[in-house]
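Notes for the one structure printed next.
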Amino acid sequence: MITSKNLVHHEFIGLKVHVTGKKNKSLNVKGTIIDETKNTIKIEAMDNTEKLIPKNGSIFVFEIPNGEKIEVDGNILSIRPEDRIKKRFKKI
């Protein structure tokens, strides 16, 4: 079960997300995550287009299945998904 405390240890594919940028204020994408690499997340946007978003410099607001919204700094996520699942984080 995905919660706010263990979100970074789970698979992101299939989660709804809203992405904004720290430096690039024009970045504003909502959709569903369809793929993830070490440095990027691919999102199927609301208009059925695919957007490739860099993790560094982005802020992700994930909506977990129970409806809770969790904001995560993309710089924390900039590791391979399979390594992120095993990694221990000090505090998020």
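Labels used: A, B, ... for chains in the order of the structure tokens, numbers from 1 for residues in each chain, and numbers from 1 for ligands as shown.
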
Distance query A:Lys38 at most 9 Å, only C-alpha atoms, self and fewer than 4 positions along chain excluded, as a PDB file with N, CA and C atoms, in the first residue's frame:
ATOM      1  N   LYS A  55      13.792  15.214 -14.167  1.00  0.00           N
ATOM      2  CA  LYS A  55      13.567  15.164 -12.723  1.00  0.00           C
ATOM      3  C   LYS A  55      14.235  16.351 -12.026  1.00  0.00           C
ATOM      4  N   LEU A  77      14.666  12.312  -6.583  1.00  0.00           N
ATOM      5  CA  LEU A  77      14.293  11.154  -7.388  1.00  0.00           C
ATOM      6  C   LEU A  77      15.287  10.829  -8.486  1.00  0.00           C
ATOM      7  N   SER A  78      16.355  11.598  -8.627  1.00  0.00           N
ATOM      8  CA  SER A  78      17.283  11.441  -9.745  1.00  0.00           C
ATOM      9  C   SER A  78      18.245  10.271  -9.574  1.00  0.00           C
ATOM     10  N   ILE A  79      17.687   9.102  -9.387  1.00  0.00           N
ATOM     11  CA  ILE A  79      18.433   7.851  -9.399  1.00  0.00           C
ATOM     12  C   ILE A  79      17.584   6.833 -10.148  1.00  0.00           C
ATOM     13  N   ARG A  80      18.199   5.745 -10.550  1.00  0.00           N
ATOM     14  CA  ARG A  80      17.452   4.732 -11.304  1.00  0.00           C
ATOM     15  C   ARG A  80      16.293   4.213 -10.463  1.00  0.00           C
ATOM     16  N   PRO A  81      15.146   3.973 -11.074  1.00  0.00           N
ATOM     17  CA  PRO A  81      13.983   3.521 -10.300  1.00  0.00           C
ATOM     18  C   PRO A  81      14.248   2.268  -9.481  1.00  0.00           C
TER      19      PRO A  81
END

Hey, what does DSSP flag as strand (DSSP E or B) within chain A? Can you give it to me as a PDB file with all heavy atoms, in the first residue's frame?
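Final output, saved to part.pdb:
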ATOM      1  N   LYS A  16      -1.091   9.350 -10.896  1.00  0.00           N
ATOM      2  CA  LYS A  16      -1.409  10.671 -11.430  1.00  0.00           C
ATOM      3  C   LYS A  16      -0.421  11.659 -10.816  1.00  0.00           C
ATOM      4  O   LYS A  16      -0.034  11.532  -9.661  1.00  0.00           O
ATOM      5  CB  LYS A  16      -2.835  11.065 -11.077  1.00  0.00           C
ATOM      6  CG  LYS A  16      -3.871  10.191 -11.759  1.00  0.00           C
ATOM      7  CD  LYS A  16      -5.253  10.723 -11.520  1.00  0.00           C
ATOM      8  CE  LYS A  16      -6.321   9.837 -12.070  1.00  0.00           C
ATOM      9  NZ  LYS A  16      -6.236   9.505 -13.441  1.00  0.00           N
ATOM     10  N   VAL A  17      -0.010  12.645 -11.621  1.00  0.00           N
ATOM     11  CA  VAL A  17       0.997  13.589 -11.161  1.00  0.00           C
ATOM     12  C   VAL A  17       0.740  14.969 -11.753  1.00  0.00           C
ATOM     13  O   VAL A  17       0.178  15.100 -12.844  1.00  0.00           O
ATOM     14  CB  VAL A  17       2.422  13.081 -11.525  1.00  0.00           C
ATOM     15  CG1 VAL A  17       2.647  13.086 -13.007  1.00  0.00           C
ATOM     16  CG2 VAL A  17       3.498  13.860 -10.808  1.00  0.00           C
ATOM     17  N   HIS A  18       1.142  15.984 -11.007  1.00  0.00           N
ATOM     18  CA  HIS A  18       1.140  17.372 -11.476  1.00  0.00           C
ATOM     19  C   HIS A  18       2.573  17.861 -11.323  1.00  0.00           C
ATOM     20  O   HIS A  18       3.135  17.785 -10.228  1.00  0.00           O
ATOM     21  CB  HIS A  18       0.173  18.220 -10.651  1.00  0.00           C
ATOM     22  CG  HIS A  18       0.169  19.654 -11.039  1.00  0.00           C
ATOM     23  ND1 HIS A  18       0.024  20.667 -10.132  1.00  0.00           N
ATOM     24  CD2 HIS A  18       0.288  20.257 -12.248  1.00  0.00           C
ATOM     25  CE1 HIS A  18       0.062  21.826 -10.756  1.00  0.00           C
ATOM     26  NE2 HIS A  18       0.221  21.598 -12.043  1.00  0.00           N
ATOM     27  N   VAL A  19       3.165  18.336 -12.417  1.00  0.00           N
ATOM     28  CA  VAL A  19       4.577  18.735 -12.407  1.00  0.00           C
ATOM     29  C   VAL A  19       4.680  20.235 -12.613  1.00  0.00           C
ATOM     30  O   VAL A  19       4.048  20.800 -13.507  1.00  0.00           O
ATOM     31  CB  VAL A  19       5.363  18.018 -13.530  1.00  0.00           C
ATOM     32  CG1 VAL A  19       6.836  18.365 -13.444  1.00  0.00           C
ATOM     33  CG2 VAL A  19       5.154  16.527 -13.464  1.00  0.00           C
ATOM     34  N   THR A  20       5.495  20.867 -11.768  1.00  0.00           N
ATOM     35  CA  THR A  20       5.838  22.271 -11.949  1.00  0.00           C
ATOM     36  C   THR A  20       7.359  22.388 -11.902  1.00  0.00           C
ATOM     37  O   THR A  20       8.040  21.464 -11.477  1.00  0.00           O
ATOM     38  CB  THR A  20       5.226  23.159 -10.842  1.00  0.00           C
ATOM     39  OG1 THR A  20       5.672  22.694  -9.574  1.00  0.00           O
ATOM     40  CG2 THR A  20       3.713  23.126 -10.889  1.00  0.00           C
ATOM     41  N   GLY A  21       7.878  23.520 -12.335  1.00  0.00           N
ATOM     42  CA  GLY A  21       9.317  23.710 -12.350  1.00  0.00           C
ATOM     43  C   GLY A  21       9.758  24.727 -11.320  1.00  0.00           C
ATOM     44  O   GLY A  21       9.057  25.691 -11.058  1.00  0.00           O
ATOM     45  N   ASN A  28       4.076  23.244 -16.468  1.00  0.00           N
ATOM     46  CA  ASN A  28       2.855  22.955 -15.729  1.00  0.00           C
ATOM     47  C   ASN A  28       2.148  21.814 -16.453  1.00  0.00           C
ATOM     48  O   ASN A  28       1.385  22.051 -17.376  1.00  0.00           O
ATOM     49  CB  ASN A  28       1.975  24.198 -15.641  1.00  0.00           C
ATOM     50  CG  ASN A  28       0.781  23.986 -14.751  1.00  0.00           C
ATOM     51  OD1 ASN A  28       0.728  23.041 -13.974  1.00  0.00           O
ATOM     52  ND2 ASN A  28      -0.193  24.863 -14.867  1.00  0.00           N
ATOM     53  N   VAL A  29       2.426  20.568 -16.048  1.00  0.00           N
ATOM     54  CA  VAL A  29       1.891  19.392 -16.733  1.00  0.00           C
ATOM     55  C   VAL A  29       1.134  18.526 -15.737  1.00  0.00           C
ATOM     56  O   VAL A  29       1.628  18.257 -14.643  1.00  0.00           O
ATOM     57  CB  VAL A  29       3.036  18.566 -17.371  1.00  0.00           C
ATOM     58  CG1 VAL A  29       2.494  17.333 -18.063  1.00  0.00           C
ATOM     59  CG2 VAL A  29       3.855  19.408 -18.324  1.00  0.00           C
ATOM     60  N   LYS A  30      -0.053  18.094 -16.127  1.00  0.00           N
ATOM     61  CA  LYS A  30      -0.838  17.142 -15.336  1.00  0.00           C
ATOM     62  C   LYS A  30      -1.079  15.919 -16.191  1.00  0.00           C
ATOM     63  O   LYS A  30      -1.308  16.035 -17.393  1.00  0.00           O
ATOM     64  CB  LYS A  30      -2.183  17.745 -14.941  1.00  0.00           C
ATOM     65  CG  LYS A  30      -2.096  18.835 -13.930  1.00  0.00           C
ATOM     66  CD  LYS A  30      -3.473  19.311 -13.557  1.00  0.00           C
ATOM     67  CE  LYS A  30      -3.364  20.454 -12.562  1.00  0.00           C
ATOM     68  NZ  LYS A  30      -4.676  20.973 -12.166  1.00  0.00           N
ATOM     69  N   GLY A  31      -1.018  14.746 -15.570  1.00  0.00           N
ATOM     70  CA  GLY A  31      -1.283  13.522 -16.310  1.00  0.00           C
ATOM     71  C   GLY A  31      -0.930  12.290 -15.514  1.00  0.00           C
ATOM     72  O   GLY A  31      -0.823  12.322 -14.293  1.00  0.00           O
ATOM     73  N   THR A  32      -0.704  11.191 -16.251  1.00  0.00           N
ATOM     74  CA  THR A  32      -0.389   9.899 -15.654  1.00  0.00           C
ATOM     75  C   THR A  32       1.012   9.477 -16.083  1.00  0.00           C
ATOM     76  O   THR A  32       1.367   9.613 -17.251  1.00  0.00           O
ATOM     77  CB  THR A  32      -1.405   8.836 -16.130  1.00  0.00           C
ATOM     78  OG1 THR A  32      -2.713   9.301 -15.803  1.00  0.00           O
ATOM     79  CG2 THR A  32      -1.168   7.507 -15.440  1.00  0.00           C
ATOM     80  N   ILE A  33       1.801   8.985 -15.143  1.00  0.00           N
ATOM     81  CA  ILE A  33       3.167   8.551 -15.442  1.00  0.00           C
ATOM     82  C   ILE A  33       3.104   7.251 -16.244  1.00  0.00           C
ATOM     83  O   ILE A  33       2.456   6.293 -15.830  1.00  0.00           O
ATOM     84  CB  ILE A  33       3.977   8.358 -14.144  1.00  0.00           C
ATOM     85  CG1 ILE A  33       4.087   9.695 -13.411  1.00  0.00           C
ATOM     86  CG2 ILE A  33       5.357   7.776 -14.445  1.00  0.00           C
ATOM     87  CD1 ILE A  33       4.724   9.610 -12.053  1.00  0.00           C
ATOM     88  N   ILE A  34       3.821   7.239 -17.391  1.00  0.00           N
ATOM     89  CA  ILE A  34       3.837   6.035 -18.224  1.00  0.00           C
ATOM     90  C   ILE A  34       5.220   5.407 -18.333  1.00  0.00           C
ATOM     91  O   ILE A  34       5.340   4.264 -18.748  1.00  0.00           O
ATOM     92  CB  ILE A  34       3.265   6.313 -19.631  1.00  0.00           C
ATOM     93  CG1 ILE A  34       4.014   7.444 -20.325  1.00  0.00           C
ATOM     94  CG2 ILE A  34       1.773   6.600 -19.550  1.00  0.00           C
ATOM     95  CD1 ILE A  34       3.589   7.675 -21.762  1.00  0.00           C
ATOM     96  N   ASP A  35       6.272   6.137 -17.946  1.00  0.00           N
ATOM     97  CA  ASP A  35       7.627   5.580 -17.989  1.00  0.00           C
ATOM     98  C   ASP A  35       8.536   6.420 -17.103  1.00  0.00           C
ATOM     99  O   ASP A  35       8.269   7.592 -16.855  1.00  0.00           O
ATOM    100  CB  ASP A  35       8.158   5.560 -19.423  1.00  0.00           C
ATOM    101  CG  ASP A  35       9.387   4.683 -19.584  1.00  0.00           C
ATOM    102  OD1 ASP A  35       9.650   3.835 -18.693  1.00  0.00           O
ATOM    103  OD2 ASP A  35      10.105   4.833 -20.586  1.00  0.00           O
ATOM    104  N   GLU A  36       9.628   5.800 -16.645  1.00  0.00           N
ATOM    105  CA  GLU A  36      10.583   6.509 -15.789  1.00  0.00           C
ATOM    106  C   GLU A  36      11.985   6.005 -16.070  1.00  0.00           C
ATOM    107  O   GLU A  36      12.195   4.807 -16.238  1.00  0.00           O
ATOM    108  CB  GLU A  36      10.232   6.271 -14.319  1.00  0.00           C
ATOM    109  CG  GLU A  36      11.192   6.945 -13.369  1.00  0.00           C
ATOM    110  CD  GLU A  36      10.913   6.627 -11.910  1.00  0.00           C
ATOM    111  OE1 GLU A  36      10.073   5.765 -11.609  1.00  0.00           O
ATOM    112  OE2 GLU A  36      11.579   7.245 -11.063  1.00  0.00           O
ATOM    113  N   THR A  40      14.588  11.198 -16.091  1.00  0.00           N
ATOM    114  CA  THR A  40      13.343  11.725 -16.647  1.00  0.00           C
ATOM    115  C   THR A  40      12.130  10.901 -16.225  1.00  0.00           C
ATOM    116  O   THR A  40      12.252   9.746 -15.829  1.00  0.00           O
ATOM    117  CB  THR A  40      13.375  11.735 -18.193  1.00  0.00           C
ATOM    118  OG1 THR A  40      13.493  10.398 -18.660  1.00  0.00           O
ATOM    119  CG2 THR A  40      14.515  12.581 -18.721  1.00  0.00           C
ATOM    120  N   ILE A  41      10.984  11.540 -16.344  1.00  0.00           N
ATOM    121  CA  ILE A  41       9.701  10.871 -16.173  1.00  0.00           C
ATOM    122  C   ILE A  41       8.862  11.222 -17.392  1.00  0.00           C
ATOM    123  O   ILE A  41       8.769  12.388 -17.774  1.00  0.00           O
ATOM    124  CB  ILE A  41       8.990  11.306 -14.876  1.00  0.00           C
ATOM    125  CG1 ILE A  41       9.728  10.739 -13.662  1.00  0.00           C
ATOM    126  CG2 ILE A  41       7.539  10.873 -14.873  1.00  0.00           C
ATOM    127  CD1 ILE A  41       9.090  11.043 -12.328  1.00  0.00           C
ATOM    128  N   LYS A  42       8.269  10.191 -18.020  1.00  0.00           N
ATOM    129  CA  LYS A  42       7.405  10.410 -19.181  1.00  0.00           C
ATOM    130  C   LYS A  42       5.959  10.372 -18.702  1.00  0.00           C
ATOM    131  O   LYS A  42       5.542   9.442 -18.016  1.00  0.00           O
ATOM    132  CB  LYS A  42       7.627   9.348 -20.250  1.00  0.00           C
ATOM    133  CG  LYS A  42       6.874   9.641 -21.541  1.00  0.00           C
ATOM    134  CD  LYS A  42       7.050   8.549 -22.571  1.00  0.00           C
ATOM    135  CE  LYS A  42       8.385   8.695 -23.256  1.00  0.00           C
ATOM    136  NZ  LYS A  42       8.513   7.743 -24.398  1.00  0.00           N
ATOM    137  N   ILE A  43       5.224  11.427 -19.083  1.00  0.00           N
ATOM    138  CA  ILE A  43       3.850  11.592 -18.628  1.00  0.00           C
ATOM    139  C   ILE A  43       2.918  11.641 -19.830  1.00  0.00           C
ATOM    140  O   ILE A  43       3.211  12.313 -20.817  1.00  0.00           O
ATOM    141  CB  ILE A  43       3.711  12.897 -17.811  1.00  0.00           C
ATOM    142  CG1 ILE A  43       4.594  12.821 -16.573  1.00  0.00           C
ATOM    143  CG2 ILE A  43       2.259  13.169 -17.446  1.00  0.00           C
ATOM    144  CD1 ILE A  43       4.675  14.107 -15.800  1.00  0.00           C
ATOM    145  N   GLU A  44       1.798  10.940 -19.729  1.00  0.00           N
ATOM    146  CA  GLU A  44       0.740  11.106 -20.713  1.00  0.00           C
ATOM    147  C   GLU A  44      -0.152  12.220 -20.183  1.00  0.00           C
ATOM    148  O   GLU A  44      -0.849  12.051 -19.179  1.00  0.00           O
ATOM    149  CB  GLU A  44      -0.059   9.821 -20.893  1.00  0.00           C
ATOM    150  CG  GLU A  44      -1.113   9.955 -21.971  1.00  0.00           C
ATOM    151  CD  GLU A  44      -1.874   8.672 -22.223  1.00  0.00           C
ATOM    152  OE1 GLU A  44      -1.536   7.623 -21.646  1.00  0.00           O
ATOM    153  OE2 GLU A  44      -2.822   8.722 -23.002  1.00  0.00           O
ATOM    154  N   ALA A  45      -0.081  13.369 -20.840  1.00  0.00           N
ATOM    155  CA  ALA A  45      -0.795  14.553 -20.377  1.00  0.00           C
ATOM    156  C   ALA A  45      -2.294  14.399 -20.611  1.00  0.00           C
ATOM    157  O   ALA A  45      -2.752  13.476 -21.287  1.00  0.00           O
ATOM    158  CB  ALA A  45      -0.265  15.788 -21.094  1.00  0.00           C
ATOM    159  N   GLU A  50       2.407  12.874 -25.051  1.00  0.00           N
ATOM    160  CA  GLU A  50       3.437  12.401 -24.132  1.00  0.00           C
ATOM    161  C   GLU A  50       4.447  13.510 -23.891  1.00  0.00           C
ATOM    162  O   GLU A  50       4.936  14.120 -24.831  1.00  0.00           O
ATOM    163  CB  GLU A  50       4.130  11.169 -24.702  1.00  0.00           C
ATOM    164  CG  GLU A  50       3.226   9.966 -24.787  1.00  0.00           C
ATOM    165  CD  GLU A  50       3.927   8.736 -25.324  1.00  0.00           C
ATOM    166  OE1 GLU A  50       5.138   8.795 -25.639  1.00  0.00           O
ATOM    167  OE2 GLU A  50       3.259   7.698 -25.440  1.00  0.00           O
ATOM    168  N   LYS A  51       4.747  13.758 -22.640  1.00  0.00           N
ATOM    169  CA  LYS A  51       5.711  14.791 -22.244  1.00  0.00           C
ATOM    170  C   LYS A  51       6.853  14.117 -21.496  1.00  0.00           C
ATOM    171  O   LYS A  51       6.625  13.312 -20.600  1.00  0.00           O
ATOM    172  CB  LYS A  51       5.067  15.828 -21.322  1.00  0.00           C
ATOM    173  CG  LYS A  51       3.786  16.432 -21.827  1.00  0.00           C
ATOM    174  CD  LYS A  51       4.039  17.476 -22.842  1.00  0.00           C
ATOM    175  CE  LYS A  51       2.708  18.132 -23.214  1.00  0.00           C
ATOM    176  NZ  LYS A  51       2.832  19.131 -24.189  1.00  0.00           N
ATOM    177  N   LEU A  52       8.087  14.457 -21.865  1.00  0.00           N
ATOM    178  CA  LEU A  52       9.271  13.944 -21.188  1.00  0.00           C
ATOM    179  C   LEU A  52       9.783  15.046 -20.269  1.00  0.00           C
ATOM    180  O   LEU A  52      10.237  16.084 -20.726  1.00  0.00           O
ATOM    181  CB  LEU A  52      10.329  13.540 -22.214  1.00  0.00           C
ATOM    182  CG  LEU A  52      11.498  12.725 -21.693  1.00  0.00           C
ATOM    183  CD1 LEU A  52      11.009  11.403 -21.113  1.00  0.00           C
ATOM    184  CD2 LEU A  52      12.479  12.452 -22.806  1.00  0.00           C
ATOM    185  N   ILE A  53       9.698  14.822 -18.966  1.00  0.00           N
ATOM    186  CA  ILE A  53      10.013  15.833 -17.959  1.00  0.00           C
ATOM    187  C   ILE A  53      11.308  15.462 -17.245  1.00  0.00           C
ATOM    188  O   ILE A  53      11.429  14.348 -16.732  1.00  0.00           O
ATOM    189  CB  ILE A  53       8.884  15.931 -16.906  1.00  0.00           C
ATOM    190  CG1 ILE A  53       7.511  16.079 -17.568  1.00  0.00           C
ATOM    191  CG2 ILE A  53       9.152  17.035 -15.907  1.00  0.00           C
ATOM    192  CD1 ILE A  53       7.309  17.364 -18.308  1.00  0.00           C
ATOM    193  N   PRO A  54      12.285  16.395 -17.177  1.00  0.00           N
ATOM    194  CA  PRO A  54      13.501  16.102 -16.396  1.00  0.00           C
ATOM    195  C   PRO A  54      13.175  16.113 -14.900  1.00  0.00           C
ATOM    196  O   PRO A  54      12.372  16.926 -14.436  1.00  0.00           O
ATOM    197  CB  PRO A  54      14.438  17.245 -16.767  1.00  0.00           C
ATOM    198  CG  PRO A  54      13.545  18.349 -17.201  1.00  0.00           C
ATOM    199  CD  PRO A  54      12.332  17.709 -17.797  1.00  0.00           C
ATOM    200  N   SER A  58      12.523  19.991 -11.141  1.00  0.00           N
ATOM    201  CA  SER A  58      11.068  19.883 -11.190  1.00  0.00           C
ATOM    202  C   SER A  58      10.514  19.524  -9.819  1.00  0.00           C
ATOM    203  O   SER A  58      11.203  18.945  -8.991  1.00  0.00           O
ATOM    204  CB  SER A  58      10.642  18.795 -12.180  1.00  0.00           C
ATOM    205  OG  SER A  58      11.065  19.097 -13.481  1.00  0.00           O
ATOM    206  N   ILE A  59       9.275  19.892  -9.611  1.00  0.00           N
ATOM    207  CA  ILE A  59       8.562  19.527  -8.391  1.00  0.00           C
ATOM    208  C   ILE A  59       7.378  18.674  -8.813  1.00  0.00           C
ATOM    209  O   ILE A  59       6.592  19.068  -9.670  1.00  0.00           O
ATOM    210  CB  ILE A  59       8.081  20.769  -7.625  1.00  0.00           C
ATOM    211  CG1 ILE A  59       9.289  21.594  -7.194  1.00  0.00           C
ATOM    212  CG2 ILE A  59       7.235  20.362  -6.429  1.00  0.00           C
ATOM    213  CD1 ILE A  59       8.941  22.926  -6.585  1.00  0.00           C
ATOM    214  N   PHE A  60       7.262  17.489  -8.220  1.00  0.00           N
ATOM    215  CA  PHE A  60       6.218  16.543  -8.565  1.00  0.00           C
ATOM    216  C   PHE A  60       5.212  16.464  -7.422  1.00  0.00           C
ATOM    217  O   PHE A  60       5.595  16.280  -6.274  1.00  0.00           O
ATOM    218  CB  PHE A  60       6.810  15.152  -8.811  1.00  0.00           C
ATOM    219  CG  PHE A  60       7.759  15.108  -9.976  1.00  0.00           C
ATOM    220  CD1 PHE A  60       9.110  15.361  -9.808  1.00  0.00           C
ATOM    221  CD2 PHE A  60       7.288  14.829 -11.249  1.00  0.00           C
ATOM    222  CE1 PHE A  60       9.984  15.329 -10.874  1.00  0.00           C
ATOM    223  CE2 PHE A  60       8.153  14.794 -12.330  1.00  0.00           C
ATOM    224  CZ  PHE A  60       9.505  15.038 -12.148  1.00  0.00           C
ATOM    225  N   VAL A  61       3.946  16.593  -7.751  1.00  0.00           N
ATOM    226  CA  VAL A  61       2.877  16.400  -6.779  1.00  0.00           C
ATOM    227  C   VAL A  61       2.141  15.130  -7.203  1.00  0.00           C
ATOM    228  O   VAL A  61       1.392  15.125  -8.178  1.00  0.00           O
ATOM    229  CB  VAL A  61       1.912  17.601  -6.720  1.00  0.00           C
ATOM    230  CG1 VAL A  61       0.814  17.350  -5.697  1.00  0.00           C
ATOM    231  CG2 VAL A  61       2.676  18.879  -6.397  1.00  0.00           C
ATOM    232  N   PHE A  62       2.413  14.038  -6.485  1.00  0.00           N
ATOM    233  CA  PHE A  62       1.830  12.736  -6.792  1.00  0.00           C
ATOM    234  C   PHE A  62       0.487  12.593  -6.085  1.00  0.00           C
ATOM    235  O   PHE A  62       0.337  13.010  -4.939  1.00  0.00           O
ATOM    236  CB  PHE A  62       2.748  11.611  -6.311  1.00  0.00           C
ATOM    237  CG  PHE A  62       4.064  11.563  -7.017  1.00  0.00           C
ATOM    238  CD1 PHE A  62       5.192  12.138  -6.443  1.00  0.00           C
ATOM    239  CD2 PHE A  62       4.181  10.949  -8.246  1.00  0.00           C
ATOM    240  CE1 PHE A  62       6.418  12.095  -7.086  1.00  0.00           C
ATOM    241  CE2 PHE A  62       5.398  10.900  -8.896  1.00  0.00           C
ATOM    242  CZ  PHE A  62       6.519  11.475  -8.316  1.00  0.00           C
ATOM    243  N   GLU A  63      -0.469  11.973  -6.773  1.00  0.00           N
ATOM    244  CA  GLU A  63      -1.740  11.637  -6.148  1.00  0.00           C
ATOM    245  C   GLU A  63      -1.764  10.129  -5.969  1.00  0.00           C
ATOM    246  O   GLU A  63      -1.779   9.376  -6.937  1.00  0.00           O
ATOM    247  CB  GLU A  63      -2.913  12.078  -7.018  1.00  0.00           C
ATOM    248  CG  GLU A  63      -4.240  11.838  -6.355  1.00  0.00           C
ATOM    249  CD  GLU A  63      -5.409  12.334  -7.181  1.00  0.00           C
ATOM    250  OE1 GLU A  63      -5.233  13.273  -7.965  1.00  0.00           O
ATOM    251  OE2 GLU A  63      -6.491  11.746  -7.038  1.00  0.00           O
ATOM    252  N   LYS A  69      -2.383  13.904  -1.757  1.00  0.00           N
ATOM    253  CA  LYS A  69      -1.404  14.499  -2.668  1.00  0.00           C
ATOM    254  C   LYS A  69      -0.104  14.746  -1.913  1.00  0.00           C
ATOM    255  O   LYS A  69      -0.109  15.302  -0.823  1.00  0.00           O
ATOM    256  CB  LYS A  69      -1.943  15.795  -3.259  1.00  0.00           C
ATOM    257  CG  LYS A  69      -3.148  15.533  -4.128  1.00  0.00           C
ATOM    258  CD  LYS A  69      -3.630  16.740  -4.835  1.00  0.00           C
ATOM    259  CE  LYS A  69      -4.837  16.316  -5.641  1.00  0.00           C
ATOM    260  NZ  LYS A  69      -5.202  17.214  -6.657  1.00  0.00           N
ATOM    261  N   ILE A  70       1.004  14.318  -2.541  1.00  0.00           N
ATOM    262  CA  ILE A  70       2.310  14.399  -1.899  1.00  0.00           C
ATOM    263  C   ILE A  70       3.270  15.117  -2.824  1.00  0.00           C
ATOM    264  O   ILE A  70       3.446  14.721  -3.977  1.00  0.00           O
ATOM    265  CB  ILE A  70       2.846  12.994  -1.575  1.00  0.00           C
ATOM    266  CG1 ILE A  70       1.834  12.250  -0.698  1.00  0.00           C
ATOM    267  CG2 ILE A  70       4.205  13.068  -0.909  1.00  0.00           C
ATOM    268  CD1 ILE A  70       1.955  10.776  -0.748  1.00  0.00           C
ATOM    269  N   GLU A  71       3.916  16.166  -2.319  1.00  0.00           N
ATOM    270  CA  GLU A  71       4.880  16.939  -3.104  1.00  0.00           C
ATOM    271  C   GLU A  71       6.278  16.400  -2.856  1.00  0.00           C
ATOM    272  O   GLU A  71       6.695  16.234  -1.711  1.00  0.00           O
ATOM    273  CB  GLU A  71       4.809  18.412  -2.705  1.00  0.00           C
ATOM    274  CG  GLU A  71       5.699  19.294  -3.538  1.00  0.00           C
ATOM    275  CD  GLU A  71       5.532  20.764  -3.184  1.00  0.00           C
ATOM    276  OE1 GLU A  71       4.412  21.273  -3.312  1.00  0.00           O
ATOM    277  OE2 GLU A  71       6.538  21.380  -2.765  1.00  0.00           O
ATOM    278  N   VAL A  72       7.019  16.139  -3.964  1.00  0.00           N
ATOM    279  CA  VAL A  72       8.372  15.611  -3.869  1.00  0.00           C
ATOM    280  C   VAL A  72       9.269  16.404  -4.801  1.00  0.00           C
ATOM    281  O   VAL A  72       8.922  16.645  -5.957  1.00  0.00           O
ATOM    282  CB  VAL A  72       8.412  14.111  -4.258  1.00  0.00           C
ATOM    283  CG1 VAL A  72       9.830  13.569  -4.176  1.00  0.00           C
ATOM    284  CG2 VAL A  72       7.477  13.293  -3.389  1.00  0.00           C
ATOM    285  N   ASP A  73      10.441  16.789  -4.303  1.00  0.00           N
ATOM    286  CA  ASP A  73      11.443  17.470  -5.109  1.00  0.00           C
ATOM    287  C   ASP A  73      12.069  16.467  -6.075  1.00  0.00           C
ATOM    288  O   ASP A  73      12.511  15.397  -5.658  1.00  0.00           O
ATOM    289  CB  ASP A  73      12.511  18.057  -4.187  1.00  0.00           C
ATOM    290  CG  ASP A  73      13.534  18.905  -4.897  1.00  0.00           C
ATOM    291  OD1 ASP A  73      13.630  18.835  -6.142  1.00  0.00           O
ATOM    292  OD2 ASP A  73      14.262  19.642  -4.219  1.00  0.00           O
TER     293      ASP A  73
END

Self-check item: Distance criterion (only C-alpha atoms): nearest to A:Ile13 out of A:Thr37, A:Asn48, A:Met1, A:Glu68
Solution: A:Thr37

Practice problem: Report the distance between atom CA of A:Thr49 and atom CA of A:Asp83 in Å, rounded to one decimal place. | Solution: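 These atoms are spaced 28.4 Å apart.
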
Exercise. Pull the helix (DSSP H, G or I) assignments for stretch 4-82 of chain A out of DSSP run on the backbone, and list those residues as JSON, numbers by chain.
Key: {"A": [7, 8, 9, 74, 75, 76, 77, 81, 82]}

Exercise. Could you please determine the separation between atom CA of A:Leu15 and atom CA of A:Pro65 in Å, to one decimal place?
Key: 7.9 Å

Exercise. For each of A:Ser26, A:Asn75, A:Ser4, A:Asn66, take the minimum atom-to-atom distance to A:Asn39, counting only C-alpha atoms, then give the residue where this is smallest.
Key: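 Of A:Ser26, A:Asn75, A:Ser4, A:Asn66, the one nearest A:Asn39, counting only C-alpha atoms, is A:Asn75.
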
Quiz item: Hey, which of A:Lys22, A:Arg84, A:Met46, A:Asn56 ends up closest to A:Asn6? Count only C-alpha atoms.
Solution: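 Closest to A:Asn6, using only C-alpha atoms: A:Arg84.
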
Quiz prompt | Between atom CA of A:Asn24 and atom CA of A:Leu7, distance in Å (one decimal) | solution =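 Between atom CA of A:Asn24 and atom CA of A:Leu7 the gap works out to 25.0 Å.
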
Quiz item: Looking at A:Lys25, A:Asp47, A:Ile64, A:Gly57, which one is nearest to A:Ile2, with distances taken over only C-alpha atoms?
Solution: A:Ile64
